[in-house]
Amino acid sequence: MAHIKAKDTVKVIAGSEKGRQGKVIKVIVEDNAALVERLNFVKRHSRAGGKVGQQGGIIEKEAPIPLPKLMLVCPKCSKPTRTGIKKLGDGSRVRYCKKCSEQIDT
């Protein structure tokens with residue numbers, strides 16, 4: 001079970017974006033990375049797209065950030081925290097905050 005999922009709020013703990021928070025757009029499992037909203041912008045140069053009518057130029061977009069450089073922010077206590085996994089009575093697994101012991105998944 002992943003410790004970070006899409007729509008989670010995360011804090012960057014290492015690198016050039018250290019200390020900033022954002023919402024996860026997408027988790028890329030193959031690369032062990034995540035796209036975070038408005039963080040880690042890179043510039044890509046694109047050529048005009050002939051038949052498609054795509055305009056050429058310099059495009060800014062988010063680049064993936066490795067998951068070990070991200071820490072989940074608990075929605076209850078609003079602090080960056082490690083997560084654990086609990087098994088509930090019905091057999092489902094949920095993440096919980098190791099600082100305040102509250103469930104993160106509902």
# chains A, B, ... in the order shown; residues from 1 in each chain; ligands from 1
>>> residues_around(residues="Pro64 of chain A", least_positions_apart="6", cutoff="7 Å", atoms="only C-alpha atoms", output="list in words")
Ala33, Ala34 and Leu35 of chain A
>>> write_last_selection(atoms="N, CA and C atoms", output="short mmCIF file (atom, residue, chain, number, x, y, z; two decimals), in the first residue's frame")
data_model
loop_
_atom_site.label_atom_id
_atom_site.label_comp_id
_atom_site.auth_asym_id
_atom_site.auth_seq_id
_atom_site.Cartn_x
_atom_site.Cartn_y
_atom_site.Cartn_z
N ALA A 33 7.74 8.15 -8.23
CA ALA A 33 7.72 9.61 -8.17
C ALA A 33 6.28 10.11 -8.22
N ALA A 34 6.10 11.40 -7.97
CA ALA A 34 4.77 11.99 -7.99
C ALA A 34 4.83 13.39 -8.60
N LEU A 35 3.75 13.76 -9.30
CA LEU A 35 3.61 15.12 -9.80
C LEU A 35 2.88 15.92 -8.72
#
>>> select_by_dssp(residues="chain A", states="strand (DSSP E)", output="PyMOL selection string")
chain A and resi 9-12+21-28+33-36+41-46+57-62+65-66+70-73+80-81+83-87+93-97
>>> residues_around(residues="Pro75 of chain A", least_positions_apart="5", cutoff="12 Å", atoms="only C-alpha atoms", output="ChimeraX atom specification")
/A:7-10,23,80-81,95-97,99-106
>>> residues_around(residues="Asn40 of chain A", least_positions_apart="3", cutoff="12 Å", atoms="only C-alpha atoms", output="PyMOL selection string")
chain A and resi 12+14-18+20-22+34-37+43+60-66
>>> atom_distance(atom1="atom CA of Val94 of chain A", atom2="atom CA of Ile13 of chain A")
23.7 Å
